[in-house]
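Text of data-v6.tsv, listed as TSV, C-alpha atoms and all ligand atoms:
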```tsv
chain	number	residue	atom	x	y	z
E	1	MET	CA	10.39	4.60	-16.70
E	2	LEU	CA	13.62	6.05	-18.09
E	3	GLY	CA	14.19	4.76	-21.61
E	4	LEU	CA	15.75	1.32	-21.64
E	5	ASN	CA	19.02	2.60	-23.08
E	6	VAL	CA	19.25	5.41	-20.54
E	7	LEU	CA	18.63	2.94	-17.72
E	8	ARG	CA	21.31	0.61	-19.10
E	9	GLU	CA	23.76	3.52	-19.37
E	10	GLU	CA	23.07	4.53	-15.76
E	11	PHE	CA	23.48	0.93	-14.71
E	12	GLU	CA	26.84	0.58	-16.44
E	13	GLN	CA	27.99	3.94	-15.15
E	14	ARG	CA	27.38	2.82	-11.58
E	15	PHE	CA	28.36	-0.82	-11.72
E	16	GLY	CA	30.56	-1.09	-14.82
E	17	ALA	CA	29.93	-3.04	-18.02
E	18	ASN	CA	31.16	-6.61	-18.10
E	19	GLY	CA	29.18	-8.13	-20.95
E	20	ASP	CA	26.93	-10.11	-18.56
E	21	LYS	CA	23.20	-9.92	-19.24
E	22	SER	CA	20.90	-7.94	-17.01
E	23	ARG	CA	17.17	-8.40	-16.55
E	24	ILE	CA	14.43	-5.97	-15.61
E	25	PHE	CA	11.60	-6.57	-13.14
E	26	PHE	CA	8.67	-4.39	-12.17
E	27	ALA	CA	6.36	-4.10	-9.16
E	28	PRO	CA	3.57	-1.51	-8.84
E	29	GLY	CA	2.36	0.77	-6.07
E	30	ARG	CA	-1.26	0.50	-4.94
E	31	VAL	CA	-4.36	2.49	-4.19
E	32	ASN	CA	-6.83	1.18	-1.64
E	33	LEU	CA	-10.45	1.72	-2.67
E	34	ILE	CA	-12.00	0.80	0.67
E	35	GLY	CA	-11.18	-1.24	3.79
E	36	GLU	CA	-8.72	1.04	5.58
E	37	HIS	CA	-6.77	0.08	8.68
E	38	THR	CA	-8.46	-3.30	8.65
E	39	ASP	CA	-5.60	-5.48	7.34
E	40	PHE	CA	-3.59	-6.01	10.52
E	41	THR	CA	-6.63	-7.26	12.40
E	42	GLY	CA	-7.53	-9.89	9.80
E	43	GLY	CA	-10.21	-7.88	8.01
E	44	TYR	CA	-11.18	-7.05	4.44
E	45	VAL	CA	-9.43	-4.66	2.05
E	46	LEU	CA	-10.10	-3.72	-1.58
E	47	PRO	CA	-6.87	-2.40	-3.10
E	48	ALA	CA	-5.80	-2.22	-6.74
E	49	ALA	CA	-2.31	-2.17	-8.21
E	50	LEU	CA	-1.30	0.99	-10.09
E	51	THR	CA	0.62	1.29	-13.33
E	52	TYR	CA	3.14	3.43	-11.40
E	53	GLY	CA	5.80	1.45	-9.64
E	54	THR	CA	9.45	0.45	-9.33
E	55	TRP	CA	11.64	-1.15	-11.96
E	56	ALA	CA	14.80	-3.03	-11.03
E	57	MET	CA	17.59	-3.72	-13.49
E	58	VAL	CA	19.44	-6.68	-12.06
E	59	ARG	CA	22.66	-8.50	-12.95
E	60	ARG	CA	23.81	-11.59	-11.17
E	61	ARG	CA	27.40	-11.68	-9.92
E	62	SER	CA	29.73	-14.61	-9.55
E	63	ASP	CA	30.80	-13.50	-6.05
E	64	ARG	CA	28.66	-12.74	-2.97
E	65	ILE	CA	28.76	-8.96	-3.16
E	66	VAL	CA	25.51	-7.00	-3.48
E	67	HIS	CA	25.35	-3.46	-4.86
E	68	LEU	CA	22.10	-1.50	-4.57
E	69	ALA	CA	21.60	1.88	-6.24
E	70	SER	CA	18.65	4.06	-7.21
E	71	THR	CA	18.22	6.59	-10.01
E	72	SER	CA	16.62	8.90	-7.41
E	73	PHE	CA	19.60	8.97	-5.04
E	74	SER	CA	23.35	9.09	-5.29
E	75	GLY	CA	25.59	6.47	-3.73
E	76	ILE	CA	25.68	2.69	-3.65
E	77	ALA	CA	24.88	0.40	-0.72
E	78	GLU	CA	27.45	-2.41	-0.73
E	79	PHE	CA	27.47	-5.55	1.41
E	80	THR	CA	27.90	-9.30	1.05
E	81	THR	CA	25.16	-11.90	1.17
E	82	ASP	CA	26.88	-13.27	4.30
E	83	GLU	CA	26.13	-10.11	6.24
E	84	VAL	CA	22.78	-8.54	5.48
E	85	VAL	CA	22.17	-6.15	8.38
E	86	TYR	CA	20.11	-3.00	8.89
E	87	ARG	CA	22.15	0.16	8.68
E	88	GLN	CA	20.58	3.55	9.25
E	89	GLU	CA	22.88	5.17	6.69
E	90	ASP	CA	21.61	2.84	3.96
E	91	GLY	CA	18.25	4.67	4.07
E	92	TRP	CA	15.89	3.41	1.32
E	93	ALA	CA	18.24	0.47	0.56
E	94	ASN	CA	17.14	-1.16	3.83
E	95	TYR	CA	13.89	-2.17	2.09
E	96	PRO	CA	15.54	-4.41	-0.55
E	97	LYS	CA	18.11	-5.48	2.04
E	98	GLY	CA	15.30	-6.64	4.32
E	99	VAL	CA	13.95	-8.79	1.50
E	100	LEU	CA	17.37	-10.39	0.97
E	101	ALA	CA	17.59	-11.01	4.72
E	102	GLU	CA	14.24	-12.84	4.59
E	103	PHE	CA	15.41	-15.03	1.68
E	104	LYS	CA	18.46	-15.87	3.76
E	105	LYS	CA	16.25	-16.92	6.68
E	106	LEU	CA	14.72	-19.53	4.37
E	107	GLY	CA	18.18	-21.08	4.29
E	108	LEU	CA	18.77	-20.21	0.63
E	109	PRO	CA	22.32	-19.62	-0.55
E	110	LEU	CA	22.18	-16.26	-2.33
E	111	SER	CA	24.59	-15.14	-5.00
E	112	GLY	CA	25.66	-11.52	-5.25
E	113	CYS	CA	24.02	-9.08	-7.65
E	114	ASP	CA	24.00	-5.48	-8.85
E	115	ILE	CA	20.59	-3.80	-8.78
E	116	LEU	CA	19.58	-0.37	-10.05
E	117	PHE	CA	16.09	0.78	-8.98
E	118	GLU	CA	14.05	3.31	-10.90
E	119	GLY	CA	10.62	4.40	-9.68
E	120	ASN	CA	7.83	6.78	-10.67
E	121	ILE	CA	5.56	6.60	-7.61
E	122	PRO	CA	5.29	10.05	-6.04
E	123	LYS	CA	7.31	9.93	-2.81
E	124	GLY	CA	5.65	10.13	0.58
E	125	ALA	CA	2.21	9.98	-1.07
E	126	GLY	CA	1.04	6.80	0.65
E	127	LEU	CA	0.87	4.88	-2.63
E	128	SER	CA	3.20	2.14	-1.37
E	129	SER	CA	6.51	2.92	-2.96
E	130	SER	CA	8.19	0.86	-0.22
E	131	ALA	CA	6.05	-2.22	-0.89
E	132	SER	CA	6.85	-1.89	-4.59
E	133	ILE	CA	10.61	-1.81	-3.88
E	134	GLU	CA	10.23	-4.87	-1.66
E	135	MET	CA	8.13	-6.77	-4.17
E	136	VAL	CA	10.35	-5.98	-7.14
E	137	THR	CA	13.33	-7.23	-5.14
E	138	ALA	CA	11.44	-10.35	-4.10
E	139	ILE	CA	10.42	-11.28	-7.64
E	140	ALA	CA	13.91	-10.52	-8.97
E	141	VAL	CA	15.59	-12.80	-6.41
E	142	LYS	CA	13.03	-15.53	-6.97
E	143	CYS	CA	13.56	-15.47	-10.74
E	144	LEU	CA	17.35	-15.09	-10.66
E	145	GLU	CA	17.74	-17.93	-8.20
E	146	GLY	CA	15.04	-20.06	-9.84
E	147	LEU	CA	13.17	-20.52	-6.54
E	148	GLU	CA	9.89	-22.39	-6.17
E	149	LEU	CA	7.93	-19.75	-4.28
E	150	THR	CA	4.41	-18.62	-5.13
E	151	SER	CA	3.51	-14.97	-5.58
E	152	VAL	CA	1.58	-15.12	-2.29
E	153	ASP	CA	4.71	-16.50	-0.55
E	154	LEU	CA	6.61	-13.49	-1.87
E	155	THR	CA	4.05	-11.05	-0.50
E	156	ARG	CA	4.36	-12.58	2.97
E	157	LEU	CA	8.13	-12.54	2.74
E	158	ALA	CA	8.11	-8.85	1.77
E	159	GLN	CA	5.76	-8.00	4.64
E	160	ARG	CA	8.08	-9.78	7.10
E	161	ALA	CA	10.98	-7.75	5.67
E	162	GLU	CA	9.14	-4.52	6.41
E	163	ASN	CA	7.97	-5.64	9.86
E	164	GLN	CA	11.18	-7.19	11.08
E	165	PHE	CA	14.03	-5.53	9.19
E	166	VAL	CA	12.74	-2.02	8.61
E	167	GLY	CA	10.64	-2.07	11.80
E	168	VAL	CA	7.34	-0.80	10.38
E	169	ASN	CA	4.44	-2.79	11.74
E	170	CYS	CA	2.33	-2.73	8.55
E	171	GLY	CA	-0.28	-5.30	7.53
E	172	ILE	CA	-0.21	-7.38	4.33
E	173	MET	CA	-2.34	-5.15	2.07
E	174	ASP	CA	0.38	-3.16	0.29
E	175	GLN	CA	2.65	-6.08	-0.53
E	176	PHE	CA	-0.32	-8.21	-1.58
E	177	ALA	CA	-1.69	-5.58	-3.94
E	178	SER	CA	1.75	-4.98	-5.42
E	179	GLY	CA	2.42	-8.68	-5.85
E	180	MET	CA	-1.01	-9.91	-6.94
E	181	GLY	CA	-2.58	-6.97	-8.82
E	182	LYS	CA	-4.45	-7.56	-12.05
E	183	ALA	CA	-5.05	-4.93	-14.74
E	184	GLY	CA	-8.56	-3.47	-14.65
E	185	HIS	CA	-9.36	-5.16	-11.33
E	186	ALA	CA	-9.31	-4.53	-7.60
E	187	ILE	CA	-8.61	-7.36	-5.15
E	188	LEU	CA	-11.00	-8.23	-2.35
E	189	LEU	CA	-8.68	-9.74	0.24
E	190	LYS	CA	-9.37	-11.25	3.66
E	191	CYS	CA	-6.18	-10.51	5.49
E	192	ASP	CA	-6.04	-13.39	8.00
E	193	THR	CA	-6.49	-16.26	5.54
E	194	LEU	CA	-5.33	-14.38	2.43
E	195	ALA	CA	-8.43	-15.65	0.62
E	196	TYR	CA	-8.98	-13.27	-2.27
E	197	ARG	CA	-10.89	-12.65	-5.44
E	198	TYR	CA	-10.51	-10.19	-8.29
E	199	VAL	CA	-13.25	-7.60	-8.69
E	200	PRO	CA	-13.58	-6.02	-12.15
E	201	LEU	CA	-13.36	-2.25	-12.09
E	202	SER	CA	-16.15	-1.63	-14.56
E	203	LEU	CA	-16.52	2.07	-13.97
E	204	GLY	CA	-18.40	3.02	-17.13
E	205	GLU	CA	-18.22	6.78	-17.54
E	206	TYR	CA	-16.43	7.23	-14.23
E	207	GLN	CA	-12.75	7.22	-13.39
E	208	LEU	CA	-10.71	6.94	-10.26
E	209	VAL	CA	-8.74	10.09	-9.60
E	210	ILE	CA	-5.98	10.15	-7.00
E	211	THR	CA	-5.30	13.51	-5.38
E	212	ASN	CA	-1.99	13.99	-3.60
E	213	SER	CA	-2.34	16.37	-0.66
E	214	ASN	CA	1.42	16.98	-0.81
E	215	LYS	CA	1.35	16.98	2.96
E	216	GLN	CA	4.36	15.08	4.21
E	217	ARG	CA	3.37	12.15	6.39
E	218	SER	CA	6.02	12.54	9.05
E	219	LEU	CA	3.94	11.39	12.02
E	220	THR	CA	2.41	8.40	10.32
E	221	GLU	CA	4.57	5.66	11.74
E	222	SER	CA	4.18	6.53	15.40
E	223	ASN	CA	0.45	7.13	15.02
E	224	TYR	CA	0.06	3.92	13.04
E	225	ASN	CA	1.69	1.89	15.79
E	226	GLN	CA	-0.27	3.79	18.45
E	227	ARG	CA	-3.55	2.83	16.75
E	228	ARG	CA	-2.42	-0.79	16.59
E	229	LEU	CA	-1.80	-0.77	20.34
E	230	GLU	CA	-5.27	0.65	20.95
E	231	CYS	CA	-6.77	-2.10	18.80
E	232	GLU	CA	-4.88	-4.75	20.76
E	233	GLU	CA	-6.35	-3.36	23.97
E	234	GLY	CA	-9.83	-3.66	22.43
E	235	ILE	CA	-9.15	-7.20	21.26
E	236	ARG	CA	-8.20	-8.24	24.79
E	237	VAL	CA	-11.61	-7.05	26.03
E	238	LEU	CA	-13.54	-8.71	23.20
E	239	GLN	CA	-11.75	-12.02	23.78
E	240	ASN	CA	-13.30	-12.09	27.24
E	241	TYR	CA	-16.84	-11.59	26.00
E	242	LEU	CA	-17.04	-13.28	22.59
E	243	LEU	CA	-16.47	-17.00	23.08
E	244	ASP	CA	-15.72	-17.73	19.44
E	245	PHE	CA	-13.43	-14.71	18.98
E	246	THR	CA	-10.75	-15.41	16.37
E	247	CYS	CA	-9.80	-11.99	15.05
E	248	LEU	CA	-11.38	-8.55	14.77
E	249	GLY	CA	-11.92	-9.19	11.06
E	250	ASN	CA	-14.45	-11.90	11.95
E	251	VAL	CA	-16.50	-9.88	14.44
E	252	THR	CA	-19.91	-8.98	12.99
E	253	VAL	CA	-21.60	-5.63	13.52
E	254	GLU	CA	-24.29	-7.41	15.63
E	255	GLN	CA	-21.69	-9.02	17.87
E	256	TRP	CA	-19.98	-5.66	18.26
E	257	ARG	CA	-23.26	-3.95	19.23
E	258	SER	CA	-23.76	-6.54	21.96
E	259	VAL	CA	-20.31	-6.06	23.55
E	260	GLN	CA	-19.21	-2.54	22.72
E	261	GLY	CA	-20.25	-1.28	26.15
E	262	LYS	CA	-17.63	-3.53	27.72
E	263	VAL	CA	-14.85	-1.54	26.08
E	264	LYS	CA	-14.45	1.24	28.62
E	265	THR	CA	-11.75	3.41	27.05
E	266	PRO	CA	-13.54	5.78	24.64
E	267	GLU	CA	-10.62	5.96	22.14
E	268	VAL	CA	-10.39	2.19	21.99
E	269	ARG	CA	-14.15	1.89	21.47
E	270	LYS	CA	-13.95	4.36	18.58
E	271	ARG	CA	-11.08	2.48	16.89
E	272	LEU	CA	-13.04	-0.77	17.02
E	273	GLU	CA	-16.21	0.92	15.85
E	274	HIS	CA	-14.31	2.00	12.73
E	275	ILE	CA	-12.68	-1.33	12.02
E	276	ILE	CA	-15.75	-3.52	12.48
E	277	ARG	CA	-18.05	-1.25	10.48
E	278	GLU	CA	-15.37	-0.77	7.82
E	279	ASN	CA	-15.09	-4.52	7.30
E	280	ASP	CA	-18.83	-4.68	6.79
E	281	ARG	CA	-18.69	-1.67	4.46
E	282	THR	CA	-15.95	-3.27	2.40
E	283	LEU	CA	-18.07	-6.35	1.78
E	284	VAL	CA	-21.28	-4.53	0.93
E	285	SER	CA	-19.52	-1.94	-1.19
E	286	THR	CA	-17.78	-4.68	-3.18
E	287	LYS	CA	-21.18	-6.20	-3.87
E	288	ALA	CA	-22.42	-2.81	-5.05
E	289	LEU	CA	-19.40	-2.45	-7.33
E	290	GLU	CA	-19.94	-5.91	-8.77
E	291	ALA	CA	-23.59	-5.09	-9.38
E	292	GLY	CA	-22.55	-1.94	-11.25
E	293	ASN	CA	-24.06	0.34	-8.60
E	294	LEU	CA	-21.35	2.99	-8.64
E	295	GLN	CA	-23.47	5.53	-6.80
E	296	ALA	CA	-23.73	3.18	-3.82
E	297	PHE	CA	-20.03	2.35	-4.01
E	298	GLY	CA	-19.26	6.08	-3.97
E	299	ASP	CA	-21.48	6.58	-0.90
E	300	PHE	CA	-19.59	3.84	0.94
E	301	MET	CA	-16.27	5.50	0.07
E	302	THR	CA	-17.56	8.70	1.60
E	303	GLN	CA	-18.76	6.89	4.73
E	304	SER	CA	-15.36	5.23	5.02
E	305	HIS	CA	-13.63	8.62	5.07
E	306	GLU	CA	-16.04	9.94	7.70
E	307	SER	CA	-15.34	6.93	9.88
E	308	LEU	CA	-11.58	7.33	9.48
E	309	ARG	CA	-12.02	10.99	10.44
E	310	ASP	CA	-14.40	10.58	13.38
E	311	PHE	CA	-13.58	7.16	14.82
E	312	TYR	CA	-10.15	6.04	13.70
E	313	GLU	CA	-8.91	9.66	13.67
E	314	VAL	CA	-6.22	9.42	11.01
E	315	THR	CA	-7.31	11.98	8.41
E	316	GLY	CA	-6.01	15.40	9.50
E	317	LYS	CA	-6.82	18.84	8.18
E	318	GLU	CA	-5.36	18.43	4.66
E	319	LEU	CA	-7.10	15.15	3.79
E	320	ASP	CA	-10.35	16.47	5.26
E	321	ALA	CA	-10.06	19.60	3.14
E	322	LEU	CA	-9.55	17.50	-0.01
E	323	PHE	CA	-12.49	15.31	0.98
E	324	GLU	CA	-14.81	18.26	1.57
E	325	GLU	CA	-13.82	20.07	-1.61
E	326	ALA	CA	-14.06	16.96	-3.78
E	327	ARG	CA	-17.62	16.40	-2.54
E	328	GLN	CA	-18.64	19.85	-3.74
E	329	VAL	CA	-17.80	19.02	-7.35
E	330	SER	CA	-20.76	17.75	-9.30
E	331	GLY	CA	-19.75	14.55	-11.04
E	332	CYS	CA	-17.72	13.33	-8.05
E	333	ILE	CA	-19.80	10.53	-6.52
E	334	GLY	CA	-17.40	9.25	-3.89
E	335	THR	CA	-14.16	10.27	-2.24
E	336	ARG	CA	-11.97	9.17	0.66
E	337	MET	CA	-8.45	9.15	2.03
E	338	THR	CA	-6.43	6.12	0.97
E	339	GLY	CA	-3.54	4.42	2.80
E	340	ALA	CA	-2.33	5.12	6.31
E	341	GLY	CA	-3.59	8.72	6.50
E	342	PHE	CA	-2.30	11.95	8.15
E	343	GLY	CA	-1.31	13.12	4.68
E	344	GLY	CA	-0.76	11.29	1.43
E	345	CYS	CA	-3.65	10.91	-1.00
E	346	THR	CA	-7.38	10.71	-1.48
E	347	VAL	CA	-9.07	8.62	-4.16
E	348	SER	CA	-12.26	9.86	-5.80
E	349	LEU	CA	-14.78	8.45	-8.24
E	350	VAL	CA	-15.37	11.17	-10.83
E	351	HIS	CA	-17.42	11.33	-14.03
E	352	GLN	CA	-14.97	11.57	-16.93
E	353	GLU	CA	-16.55	14.78	-18.19
E	354	ALA	CA	-16.15	16.39	-14.78
E	355	ILE	CA	-12.45	15.62	-14.33
E	356	ASP	CA	-11.18	19.00	-15.53
E	357	ASP	CA	-13.62	20.83	-13.25
E	358	PHE	CA	-12.66	18.53	-10.43
E	359	LYS	CA	-8.98	19.37	-10.78
E	360	THR	CA	-9.56	23.12	-11.13
E	361	GLN	CA	-12.01	23.47	-8.27
E	362	VAL	CA	-10.28	21.16	-5.81
E	363	SER	CA	-6.89	22.75	-6.56
E	364	LYS	CA	-8.11	26.28	-6.05
E	365	ARG	CA	-10.06	25.65	-2.87
E	366	TYR	CA	-7.53	23.30	-1.33
E	367	GLU	CA	-4.71	25.75	-1.91
E	368	GLY	CA	-6.85	28.52	-0.45
E	369	ARG	CA	-7.45	26.47	2.69
E	370	THR	CA	-4.03	24.93	3.26
E	371	GLY	CA	-1.49	26.81	1.17
E	372	LEU	CA	-0.53	23.50	-0.45
E	373	ILE	CA	-0.81	22.68	-4.13
E	374	PRO	CA	-2.34	19.26	-4.78
E	375	GLU	CA	-1.43	16.92	-7.64
E	376	PHE	CA	-3.79	14.67	-9.55
E	377	TYR	CA	-3.20	11.29	-11.14
E	378	ILE	CA	-5.75	9.48	-13.26
E	379	CYS	CA	-5.67	6.03	-11.81
E	380	ASP	CA	-5.08	3.13	-14.19
E	381	CYS	CA	-5.04	-0.21	-12.50
E	382	GLY	CA	-2.29	-2.52	-13.72
E	383	ASP	CA	-0.78	-5.95	-13.15
E	384	GLY	CA	1.24	-7.04	-10.14
E	385	ALA	CA	4.98	-7.77	-9.77
E	386	ARG	CA	6.49	-9.35	-12.85
E	387	ASN	CA	9.42	-10.08	-15.09
E	388	TYR	CA	9.59	-7.00	-17.31
E	389	ARG	CA	12.37	-7.80	-19.74
E	390	GLY	CA	14.88	-10.57	-20.23
E	391	GLY	CA	14.50	-14.18	-19.09
E	392	ARG	CA	11.19	-15.95	-18.81
H	1	LIG	C1	-0.43	1.36	5.44
H	1	LIG	C2	0.00	-0.06	5.81
H	1	LIG	C3	-1.06	-1.07	5.38
H	1	LIG	C4	-2.45	-0.68	5.89
H	1	LIG	C5	-2.74	0.79	5.56
H	1	LIG	C6	-4.03	1.26	6.18
H	1	LIG	O1	-0.47	1.50	4.04
H	1	LIG	O2	1.24	-0.37	5.19
H	1	LIG	O3	-0.69	-2.35	5.84
H	1	LIG	O4	-2.57	-0.93	7.26
H	1	LIG	O5	-1.71	1.65	5.99
H	1	LIG	O6	-5.11	0.59	5.65
```
How does this structure look as structure tokens?
Amino acid sequence: MLGLNVLREEFEQRFGANGDKSRIFFAPGRVNLIGEHTDFTGGYVLPAALTYGTWAMVRRRSDRIVHLASTSFSGIAEFTTDEVVYRQEDGWANYPKGVLAEFKKLGLPLSGCDILFEGNIPKGAGLSSSASIEMVTAIAVKCLEGLELTSVDLTRLAQRAENQFVGVNCGIMDQFASGMGKAGHAILLKCDTLAYRYVPLSLGEYQLVITNSNKQRSLTESNYNQRRLECEEGIRVLQNYLLDFTCLGNVTVEQWRSVQGKVKTPEVRKRLEHIIRENDRTLVSTKALEAGNLQAFGDFMTQSHESLRDFYEVTGKELDALFEEARQVSGCIGTRMTGAGFGGCTVSLVHQEAIDDFKTQVSKRYEGRTGLIPEFYICDCGDGARNYRGGR
């Protein structure tokens, strides 16, 4: 984060100084360890919150005007709490706006405020910078207005903002990880009931390394929604053959084996094959992690990537190149794409003594294959959305 004084100066430069107190909130991005593209069909995911994220310096106003600004962009989005509507030209500001719109739907009278956002999540990397902006806004509004909402309520509210206001049909994973993260832990979450438990990340001599492919993810949204449509087609077939069908996340591998032949469209069959096996993999790999069997956990990560490549088909040449090169490095015991795919990042489990080799070798070979220069982040897992400074 910018130093506190620098942030305050920026804040006062944009919104003026009036002697009123401001507060600072924080919400992190996330990395998903396993359980990919399973959230919107009620399955299992295993994400962890990062220590990277978005800070929001917030000052309440006595009128109903809202000002939103970011240290990464020029300009200020201005509107009143009476009229919170999507506007293309507001760009990134539509994410916090969507959250305000959802608070309004709850029938809550909202006062105006000035908010300056500052983030350090690499952009377009698939590490959930948008969820972190939503969650930091949600926790700020909750605290400023003194609302009785749980952290889980806020994650649902932020997801609705993204689905309905911004128009991205994402599942709950990103907002949940950003809102509910716990330092040193991943979260095993069942996405239909939101039942969850924290899983300690006791990695011994290993570390999680995130590699950014630096491939822009321009096609992600349309492909993401396309995959969702294919899944819905599959669900319609399964509903006819599995009497107790509730959601894809509850279909066992055995049940799937008995009905997969009924799904006639090959693409649809492949998408379901990924999701149902990935749910199973998420559960067994979590057990392996809890038992301290990192080798097995790493193998499951690798299988997850292969399934996303061969069945769900969301990896693409850059992520596959990172995956293949990471596997060549001795000391890397598991690697996979993380997030929506088609670009963005991989996450790898690497022995701490092999990290330098990992960076050098993957960089060199990946650049040779794609012409792109990757970036590496050692992944520390932090706490979820919170009051950062000022107030309780
Ligand atoms: C994106 C979405 C999430 C989830 C992942 C894939 O990050 O926002 O809801 O579906 O893709 O696992």
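Counting all atoms listed in the file, the residue from E:Met337, E:Ala101, E:Leu2, E:Cys379 that sits nearest to ligand LIG 1 (chain H) is E:Met337.
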For this session: Write out as a PyMOL selection string which residues come within 12 Å of E:Asn18 when counting all atoms listed in the file, dropping same-chain ones fewer than 4 positions away.
Result: chain E and resi 11-13+22+59-62+114
Suppose we keep C-alpha atoms; can you now write the selection as an mmCIF file, keeping the file's coordinate frame?
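Dumped to part19.cif:
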```cif
data_model
loop_
_atom_site.group_PDB
_atom_site.id
_atom_site.type_symbol
_atom_site.label_atom_id
_atom_site.label_comp_id
_atom_site.auth_asym_id
_atom_site.auth_seq_id
_atom_site.Cartn_x
_atom_site.Cartn_y
_atom_site.Cartn_z
ATOM 1 C CA PHE E 11 23.480 0.930 -14.710
ATOM 2 C CA GLU E 12 26.840 0.580 -16.440
ATOM 3 C CA GLN E 13 27.990 3.940 -15.150
ATOM 4 C CA SER E 22 20.900 -7.940 -17.010
ATOM 5 C CA ARG E 59 22.660 -8.500 -12.950
ATOM 6 C CA ARG E 60 23.810 -11.590 -11.170
ATOM 7 C CA ARG E 61 27.400 -11.680 -9.920
ATOM 8 C CA SER E 62 29.730 -14.610 -9.550
ATOM 9 C CA ASP E 114 24.000 -5.480 -8.850
#
```
Which chain E residues have any atom within 6 Å of an atom of ligand LIG 1 (chain H), and for each, what is the nearest pair of atoms with distance in Å to one decimal, counting only C-alpha atoms and all ligand atoms, rows sorted by chain and number, as a tab-separated table?
```
residue	atom	partner	partner_atom	distance
E:Glu36	CA	H:LIG1	O6	3.6
E:His37	CA	H:LIG1	O6	3.5
E:Thr38	CA	H:LIG1	O6	5.9
E:Asp39	CA	H:LIG1	O4	5.5
E:Cys170	CA	H:LIG1	O3	4.1
E:Gly171	CA	H:LIG1	O3	3.4
E:Ile172	CA	H:LIG1	O3	5.3
E:Met173	CA	H:LIG1	O3	5.0
E:Asp174	CA	H:LIG1	C3	5.7
E:Gly339	CA	H:LIG1	O1	4.4
E:Ala340	CA	H:LIG1	O5	3.5
```
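Atom CA of E:Arg271 is positioned 26.1 Å from atom CA of E:Leu349.
Relative to atom CA of E:Arg281, atom CA of E:Glu324 is found at 20.5 Å.
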